[in-house]
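*Asks:* I'd like to ask some things about the structure below.
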Amino acid sequence: MANPPEVAQLILHALLPADARESVAGDLLEEYRDSRVPAAGELRADLWYWRQVGGMWLRAYWWLAVPVLLLLVVSDVFNTFRAPSGASYLDGLPKLVLAVISPLGVVGLLALTTAYGSWRTQRWQGGLVAAVGISVLAWLFAVAWWGATVYPFAQVQQVNPYWVHAWQWSTHRAAQHSDETFLHWIFWDNVGALIIGGIVLFGASFVCGGIGAILAGISSQRRHAGQKSSRGGTQTGRRT
Amino acid sequence: MADILGSFEQAVLLAIVRLDDGAYGRAILKEVAERLERDVAAGAVQATLERLERKGLVRSRLGSGTPIRDGRARRFYAVLPEGVRALNDARKTHESVWRGFARPLKSRG
C-alpha cells in the first residue's frame with residue numbers, strides 16, 4: 001500500500017492534539033490510500049497530503065503568525081524610511097514599546113508559540129513544529145515582501161542622506177574606486193539581510209522550541225506524577 | 001434561539017445525520033465535499049466537528065480501526081437533540097428569509 005511522505009506524517013502527528021491524533025491521522029491516511037492515490041497518482045496524492053497538513057498548521061497557529069508578519073513589516077518600513085539624520089521615527093516611543101516591535105518581540109512571539117504548541121498538543125514536538133512553522137512562513141513572507149518593495153523603497157532611500165552615506169561608506173570600504181550603483185548595492189544588502197535574518201529566525205525558533213520542549217517535558221512529568229498520586233489517594237480512600 | 005448555524009456547520013451536521021452509524025471523520029469529509037460539490041479541506045471539517053462538539057450539538061466516541069488506516073481508531077459522531085434543534089432553527093430562518101421570492105431569483109438589469 002502507498003504511504004504519504006514520512007516527514008508530512010511526522011509533522012501531522014506533532015501538530016495534532018492528543019485526543020485527535022489517532023483518528024485524524026487515520027482519516028487522512030484512508031482518504032490518501034482509498035481515493036487520492038487511485039484517482040490522481042502518488043505524486044498528486046502526496047501534494048494533497050502536504051496541503052492538508054499545511055492547512056491544519058495554519059488553522060491552529062495563524063493568529064500567532066499574523067503578529068510576527070506585522071512586526072516584520074513595521075520594522076522594515078521604519079528601518080527604510082528614516083529622518084535625514086538616520087534617526088528612526090520610532091525613537092520617541094517608550095522603551096517597552098520599542099522592545100515589543102524589535103527582533104526581541106519576534107523572539108517573544110516564537111517563545112509564546114512554542115509554549116502554546118506544546119500545551120495544545122501535550123508534547124514537546126508540537127511546540128517545535130509550531131515555532132519552526134512560524135519561521136518558515138515569516139521567511140517566505142519576508143522574501144515576497146522584499147521582492148515587492150525593494151525597488152519602490154530604494155527610490156526613496158537613494159535621496160536620503162543617511163542611506164547615501166551608508167552606500168558610499170560600504171562601497172568605498174569594499175574598493176577604493178567602486179562604481180557600484182545605489183540600486184545594485186541595496187539589492188545585495190537586502191539579499192544578505194534575508195539570508196542572515198533567515199538563519200537568526202530558524203536559530204531562534206529551534207532555541208525556543210528546545211526551551212518549550214524542556215518545559216513541556218517537566219509539566220508532563222508533573223501531570224503524570226499528580227495523576228498517580230491522586231489515583232493512589234482514591235484507592236486508599238476506598239479501602240478505608 | 002441559539003446562534004444560527006453557518007452553512008458549513010449545517011453541511012457537516014446534515015452529513016452526520018445522513019451517514020447515521022457510519023459518521024466518522026473521513027466519511028463526513030466525503031459526504032460534505034459531495035454535497036457542496038467542491039474539494040473540502042480535512043482540517044476545515046475537523047475544526048467544525050470540534051466546534052460543534054464544544055457547543056454541545058454533537059458527541060463523539062472512538063471506534064475500531066481498519067487495515068487501510070493501519071488500524072488507527074475512527075472517531076464516530078452523532079447529532080444530539082440540541083443539534084437537531086439548531087438545524088431546524090437554521091432551516092426555519094433560511095425559509096423565512098426567502099419567503100415571497102420566486103426561485104431562481106431573476107436580476108432586474
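A note on labels: chains of the C-alpha cells are A, B, ... as shown, every chain counts residues from 1, and ligands are counted from 1 in their shown order.
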If we count only C-alpha atoms and set the cut-off at 9 Å, which residues sit around segment 18-28 of chain B, ignoring sequence neighbours fewer than 6 positions away in its own chain? Please answer as a ChimeraX atom specification.
*Replies:* /A:23-24,26-28,30-31 /B:12,42,45-46,49,60,63,74-79
*Asks:* Enumerate as a ChimeraX atom specification all residues of chain B assigned to strand (DSSP E) by DSSP on the backbone, naming them with the chain letters and numbers the document uses.
*Replies:* /B:58-63,74-79
*Asks:* Could you state the separation of atom CA of Ala166 of chain A and atom CA of Thr181 of chain A in Å, given to one decimal place?
*Replies:*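 It comes out at 12.5 Å.
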*Asks:* Counting only C-alpha atoms, which residues from chain A have an atom at most 12 Å from any atom of chain B, and could you show them as a JSON list (two decimals) with N, CA and C atoms, in the first residue's frame?
*Replies:*
[["chain", "number", "residue", "atom", "x", "y", "z"],
["A", 1, "MET", "N", 0.83, -1.21, 0.00],
["A", 1, "MET", "CA", 0.00, 0.00, 0.00],
["A", 1, "MET", "C", 0.86, 1.25, 0.00],
["A", 2, "ALA", "N", 0.39, 2.30, -0.72],
["A", 2, "ALA", "CA", 1.15, 3.56, -0.79],
["A", 2, "ALA", "C", 1.12, 4.27, 0.56],
["A", 3, "ASN", "N", 2.17, 5.02, 0.80],
["A", 3, "ASN", "CA", 2.24, 5.78, 2.05],
["A", 3, "ASN", "C", 2.49, 7.26, 1.78],
["A", 4, "PRO", "N", 1.87, 8.15, 2.57],
["A", 4, "PRO", "CA", 2.15, 9.58, 2.41],
["A", 4, "PRO", "C", 3.60, 9.88, 2.79],
["A", 12, "LEU", "N", 2.35, 16.02, 10.99],
["A", 12, "LEU", "CA", 0.93, 15.88, 11.34],
["A", 12, "LEU", "C", 0.78, 15.34, 12.77],
["A", 15, "LEU", "N", 1.52, 17.88, 15.25],
["A", 15, "LEU", "CA", 0.62, 19.03, 15.15],
["A", 15, "LEU", "C", -0.71, 18.80, 15.84],
["A", 16, "LEU", "N", -1.15, 17.55, 15.89],
["A", 16, "LEU", "CA", -2.50, 17.28, 16.37],
["A", 16, "LEU", "C", -2.55, 17.12, 17.89],
["A", 17, "PRO", "N", -3.64, 17.61, 18.51],
["A", 17, "PRO", "CA", -3.81, 17.38, 19.95],
["A", 17, "PRO", "C", -3.96, 15.89, 20.22],
["A", 19, "ASP", "N", -6.03, 13.93, 21.72],
["A", 19, "ASP", "CA", -7.29, 13.21, 21.54],
["A", 19, "ASP", "C", -7.72, 13.08, 20.07],
["A", 20, "ALA", "N", -7.07, 13.85, 19.17],
["A", 20, "ALA", "CA", -7.45, 13.77, 17.75],
["A", 20, "ALA", "C", -6.38, 13.08, 16.91],
["A", 21, "ARG", "N", -5.23, 12.79, 17.52],
["A", 21, "ARG", "CA", -4.06, 12.32, 16.76],
["A", 21, "ARG", "C", -4.36, 11.06, 15.96],
["A", 22, "GLU", "N", -4.85, 10.04, 16.64],
["A", 22, "GLU", "CA", -5.10, 8.74, 16.00],
["A", 22, "GLU", "C", -6.15, 8.86, 14.90],
["A", 23, "SER", "N", -7.29, 9.44, 15.26],
["A", 23, "SER", "CA", -8.43, 9.42, 14.33],
["A", 23, "SER", "C", -8.19, 10.30, 13.11],
["A", 24, "VAL", "N", -7.63, 11.49, 13.30],
["A", 24, "VAL", "CA", -7.43, 12.39, 12.16],
["A", 24, "VAL", "C", -6.34, 11.84, 11.23],
["A", 25, "ALA", "N", -5.24, 11.35, 11.84],
["A", 25, "ALA", "CA", -4.17, 10.77, 11.01],
["A", 25, "ALA", "C", -4.72, 9.57, 10.23],
["A", 26, "GLY", "N", -5.59, 8.78, 10.86],
["A", 26, "GLY", "CA", -6.21, 7.63, 10.19],
["A", 26, "GLY", "C", -7.13, 8.06, 9.06],
["A", 27, "ASP", "N", -7.92, 9.13, 9.29],
["A", 27, "ASP", "CA", -8.83, 9.64, 8.25],
["A", 27, "ASP", "C", -8.04, 10.08, 7.02],
["A", 28, "LEU", "N", -6.94, 10.81, 7.26],
["A", 28, "LEU", "CA", -6.14, 11.30, 6.12],
["A", 28, "LEU", "C", -5.48, 10.14, 5.39],
["A", 29, "LEU", "N", -5.00, 9.17, 6.14],
["A", 29, "LEU", "CA", -4.34, 8.00, 5.53],
["A", 29, "LEU", "C", -5.33, 7.21, 4.67],
["A", 30, "GLU", "N", -6.55, 7.04, 5.21],
["A", 30, "GLU", "CA", -7.59, 6.30, 4.48],
["A", 30, "GLU", "C", -7.96, 7.02, 3.19],
["A", 31, "GLU", "N", -8.16, 8.34, 3.29],
["A", 31, "GLU", "CA", -8.52, 9.13, 2.10],
["A", 31, "GLU", "C", -7.37, 9.08, 1.08],
["A", 32, "TYR", "N", -6.15, 9.16, 1.57],
["A", 32, "TYR", "CA", -4.96, 9.13, 0.70],
["A", 32, "TYR", "C", -4.90, 7.82, -0.08],
["A", 33, "ARG", "N", -5.05, 6.70, 0.65],
["A", 33, "ARG", "CA", -4.90, 5.40, 0.01],
["A", 33, "ARG", "C", -6.11, 5.00, -0.81],
["A", 34, "ASP", "N", -7.29, 5.33, -0.28],
["A", 34, "ASP", "CA", -8.53, 4.84, -0.89],
["A", 34, "ASP", "C", -9.01, 5.70, -2.05],
["A", 35, "SER", "N", -8.77, 7.02, -1.98],
["A", 35, "SER", "CA", -9.30, 7.91, -3.02],
["A", 35, "SER", "C", -8.22, 8.62, -3.82],
["A", 36, "ARG", "N", -7.29, 9.27, -3.12],
["A", 36, "ARG", "CA", -6.36, 10.18, -3.80],
["A", 36, "ARG", "C", -5.37, 9.45, -4.70],
["A", 48, "TRP", "N", -1.51, 16.61, -2.11],
["A", 48, "TRP", "CA", -2.77, 16.78, -1.38],
["A", 48, "TRP", "C", -2.53, 16.60, 0.12],
["A", 49, "TYR", "N", -1.73, 15.58, 0.48],
["A", 49, "TYR", "CA", -1.46, 15.29, 1.89],
["A", 49, "TYR", "C", -0.72, 16.47, 2.54],
["A", 50, "TRP", "N", 0.30, 16.99, 1.81],
["A", 50, "TRP", "CA", 1.04, 18.15, 2.32],
["A", 50, "TRP", "C", 0.10, 19.34, 2.52],
["A", 51, "ARG", "N", -0.82, 19.54, 1.57],
["A", 51, "ARG", "CA", -1.77, 20.67, 1.68],
["A", 51, "ARG", "C", -2.64, 20.53, 2.93],
["A", 52, "GLN", "N", -3.07, 19.31, 3.20],
["A", 52, "GLN", "CA", -3.91, 19.08, 4.39],
["A", 52, "GLN", "C", -3.13, 19.40, 5.67],
["A", 53, "VAL", "N", -1.86, 18.95, 5.69],
["A", 53, "VAL", "CA", -1.03, 19.19, 6.88],
["A", 53, "VAL", "C", -0.78, 20.70, 7.05],
["A", 54, "GLY", "N", -0.46, 21.36, 5.93],
["A", 54, "GLY", "CA", -0.24, 22.81, 5.97],
["A", 54, "GLY", "C", -1.49, 23.55, 6.43],
["A", 55, "GLY", "N", -2.64, 23.11, 5.92],
["A", 55, "GLY", "CA", -3.91, 23.74, 6.29],
["A", 55, "GLY", "C", -4.19, 23.58, 7.78],
["A", 56, "MET", "N", -3.87, 22.40, 8.32],
["A", 56, "MET", "CA", -4.12, 22.17, 9.75],
["A", 56, "MET", "C", -3.18, 23.03, 10.59],
["A", 57, "TRP", "N", -1.94, 23.18, 10.11],
["A", 57, "TRP", "CA", -1.00, 24.05, 10.84],
["A", 57, "TRP", "C", -1.53, 25.48, 10.86],
["A", 58, "LEU", "N", -1.97, 25.96, 9.68],
["A", 58, "LEU", "CA", -2.46, 27.35, 9.59],
["A", 58, "LEU", "C", -3.68, 27.56, 10.48],
["A", 59, "ARG", "N", -4.59, 26.58, 10.49],
["A", 59, "ARG", "CA", -5.79, 26.73, 11.32],
["A", 59, "ARG", "C", -5.45, 26.83, 12.79],
["A", 60, "ALA", "N", -4.39, 26.13, 13.19],
["A", 60, "ALA", "CA", -4.02, 26.11, 14.61],
["A", 60, "ALA", "C", -3.22, 27.36, 15.01]]
*Asks:* Which residues come within 12 Å of Phe78 of chain A, counting only C-alpha atoms, excluding same-chain residues fewer than 4 positions away, as a list in words?
*Replies:*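 These residues fall inside the cut-off: Leu71, Leu72, Val73, Val74, Arg82, Ala83, Gly86, Ala87, Ser88, Tyr89, Leu90, Asp91, Leu98, Ile101, Ser102, Phe153 and Gln157 of chain A.
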*Asks:* Taking C-alpha atoms for each residue, export the selection above as a tab-separated table (two decimals), in the first residue's frame.
*Replies:*
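What landed in again_14.tsv:
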chain	number	residue	atom	x	y	z
A	71	LEU	CA	6.26	43.05	13.16
A	72	LEU	CA	8.38	42.25	10.10
A	73	VAL	CA	6.50	44.83	8.02
A	74	VAL	CA	6.61	47.54	10.72
A	82	ARG	CA	14.29	57.40	8.34
A	83	ALA	CA	14.95	61.01	9.13
A	86	GLY	CA	19.37	58.48	10.24
A	87	ALA	CA	17.21	58.59	13.36
A	88	SER	CA	14.20	56.29	13.35
A	89	TYR	CA	10.77	57.91	13.54
A	90	LEU	CA	10.01	55.42	16.31
A	91	ASP	CA	12.80	56.66	18.59
A	98	LEU	CA	10.34	49.66	21.17
A	101	ILE	CA	8.42	45.92	17.96
A	102	SER	CA	12.11	44.93	17.82
A	153	PHE	CA	11.60	51.69	-1.33
A	157	GLN	CA	16.19	55.63	0.09
*Asks:* If I take atom CA of Gly105 of chain A and atom CA of Val129 of chain A, how far is one from the other in Å, to one decimal?
*Replies:*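 Between these atoms lies a distance of 19.5 Å.
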*Asks:* Identify, on the basis of only C-alpha atoms, every residue whose closest approach to Gly192 of chain A does not exceed 12 Å; exclude the query and any residue fewer than 6 positions from it along the same chain; express the result as a list in words.
*Replies:*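 After dropping sequence-adjacent residues, the list is Val143, Trp146, Trp185, Ile186, Gly198 and Ile199 of chain A.
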*Asks:* For atom CA of Thr121 of chain A and atom CA of Ala138 of chain A, determine how far apart the two atoms are, in Å to one decimal place.
*Replies:*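 Interatomic distance here is 22.3 Å.
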*Asks:* Name the closest residue to Val66 of chain A among the candidates A:Gly117, A:Phe81, A:Ala45, A:Leu137; distances are taken between atoms, counting only C-alpha atoms.
*Replies:*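 Distance minimum relative to Val66 of chain A lands on A:Leu137.
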*Asks:* What are the DSSP alpha helix (DSSP H) residues of segment 4-209 of chain A, as an NGL selection string?
*Replies:* :A and (6-15 or 18-31 or 37-40 or 42-80 or 95-100 or 103-121 or 124-157 or 161-174 or 182-209)
*Asks:* Choose the residue, out of B:Ala11, B:Ile16, B:Leu36, B:Ala102, that has the smallest atom-to-atom separation from Arg59 of chain B; count only C-alpha atoms.
*Replies:*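 Closest to Arg59 of chain B, using only C-alpha atoms: B:Ile16.
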*Asks:* Can you list, as a PyMOL selection string, every protein, DNA or RNA residue that comes within 12 Å of Gly108 of chain A when you count only C-alpha atoms, leaving out same-chain residues fewer than 5 positions away?
*Replies:* chain A and resi 64+67-68+71+99-103+113-115+131+201+204-205+207-209
*Asks:* Next, the residues of the selection above should be written as a PDB file, in the first residue's frame with C-alpha atoms.
*Replies:*
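See part_12.pdb below for the written result:
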ATOM      1  CA  LEU A  64       0.281  33.728  16.205  1.00  0.00           C
ATOM      2  CA  PRO A  67       1.652  39.467  14.626  1.00  0.00           C
ATOM      3  CA  VAL A  68       5.061  38.100  13.537  1.00  0.00           C
ATOM      4  CA  LEU A  71       6.264  43.049  13.157  1.00  0.00           C
ATOM      5  CA  ALA A  99      11.309  46.294  22.684  1.00  0.00           C
ATOM      6  CA  VAL A 100       7.991  44.757  21.565  1.00  0.00           C
ATOM      7  CA  ILE A 101       8.419  45.915  17.956  1.00  0.00           C
ATOM      8  CA  SER A 102      12.108  44.933  17.822  1.00  0.00           C
ATOM      9  CA  PRO A 103      13.527  41.461  16.947  1.00  0.00           C
ATOM     10  CA  THR A 113       4.061  29.944  20.019  1.00  0.00           C
ATOM     11  CA  THR A 114       6.256  27.146  21.359  1.00  0.00           C
ATOM     12  CA  ALA A 115       4.618  27.224  24.760  1.00  0.00           C
ATOM     13  CA  ALA A 131       7.740  27.618  16.136  1.00  0.00           C
ATOM     14  CA  LEU A 201      14.863  33.263  12.721  1.00  0.00           C
ATOM     15  CA  ALA A 204      15.600  31.384  17.452  1.00  0.00           C
ATOM     16  CA  SER A 205      12.733  29.012  16.631  1.00  0.00           C
ATOM     17  CA  VAL A 207      16.122  27.511  20.679  1.00  0.00           C
ATOM     18  CA  CYS A 208      12.557  28.464  21.662  1.00  0.00           C
ATOM     19  CA  GLY A 209      11.377  25.022  20.535  1.00  0.00           C
TER      20      GLY A 209
END
*Asks:* Show me, as a list of chain:residue names, the residues that have an atom within 10 Å of Gln168 of chain A when counting only C-alpha atoms, minus same-chain residues fewer than 4 positions from it.
*Replies:*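 Using only C-alpha atoms, the neighbours found are A:Trp163, A:Val164, A:His172, A:Arg173, A:Ala174, A:Ser178, A:Asp179, A:Glu180, A:Thr181, A:Phe182, A:Trp185.
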*Asks:* Save out the residues we just selected, N, CA and C atoms, as an mmCIF file, in the first residue's frame.
*Replies:*
data_model
loop_
_atom_site.group_PDB
_atom_site.id
_atom_site.type_symbol
_atom_site.label_atom_id
_atom_site.label_comp_id
_atom_site.auth_asym_id
_atom_site.auth_seq_id
_atom_site.Cartn_x
_atom_site.Cartn_y
_atom_site.Cartn_z
ATOM 1 N N TRP A 163 21.039 57.027 3.957
ATOM 2 C CA TRP A 163 21.262 55.844 3.122
ATOM 3 C C TRP A 163 22.370 56.093 2.093
ATOM 4 N N VAL A 164 22.432 57.323 1.598
ATOM 5 C CA VAL A 164 23.503 57.649 0.639
ATOM 6 C C VAL A 164 24.863 57.486 1.319
ATOM 7 N N HIS A 172 32.937 52.153 -0.662
ATOM 8 C CA HIS A 172 34.336 52.609 -0.574
ATOM 9 C C HIS A 172 35.162 51.673 0.292
ATOM 10 N N ARG A 173 34.475 51.050 1.256
ATOM 11 C CA ARG A 173 35.186 50.101 2.103
ATOM 12 C C ARG A 173 35.562 48.861 1.290
ATOM 13 N N ALA A 174 34.636 48.476 0.376
ATOM 14 C CA ALA A 174 34.884 47.279 -0.437
ATOM 15 C C ALA A 174 35.994 47.525 -1.468
ATOM 16 N N SER A 178 35.113 52.130 -6.214
ATOM 17 C CA SER A 178 33.988 51.312 -6.648
ATOM 18 C C SER A 178 32.955 52.161 -7.395
ATOM 19 N N ASP A 179 32.420 51.593 -8.494
ATOM 20 C CA ASP A 179 31.377 52.324 -9.224
ATOM 21 C C ASP A 179 30.030 51.615 -9.099
ATOM 22 N N GLU A 180 29.848 50.911 -7.999
ATOM 23 C CA GLU A 180 28.588 50.196 -7.773
ATOM 24 C C GLU A 180 27.452 51.206 -7.571
ATOM 25 N N THR A 181 26.343 50.984 -8.292
ATOM 26 C CA THR A 181 25.212 51.917 -8.166
ATOM 27 C C THR A 181 24.478 51.664 -6.850
ATOM 28 N N PHE A 182 23.677 52.665 -6.455
ATOM 29 C CA PHE A 182 22.910 52.542 -5.212
ATOM 30 C C PHE A 182 21.952 51.356 -5.284
ATOM 31 N N TRP A 185 23.704 48.074 -4.932
ATOM 32 C CA TRP A 185 24.160 47.893 -3.539
ATOM 33 C C TRP A 185 23.007 47.511 -2.618
#
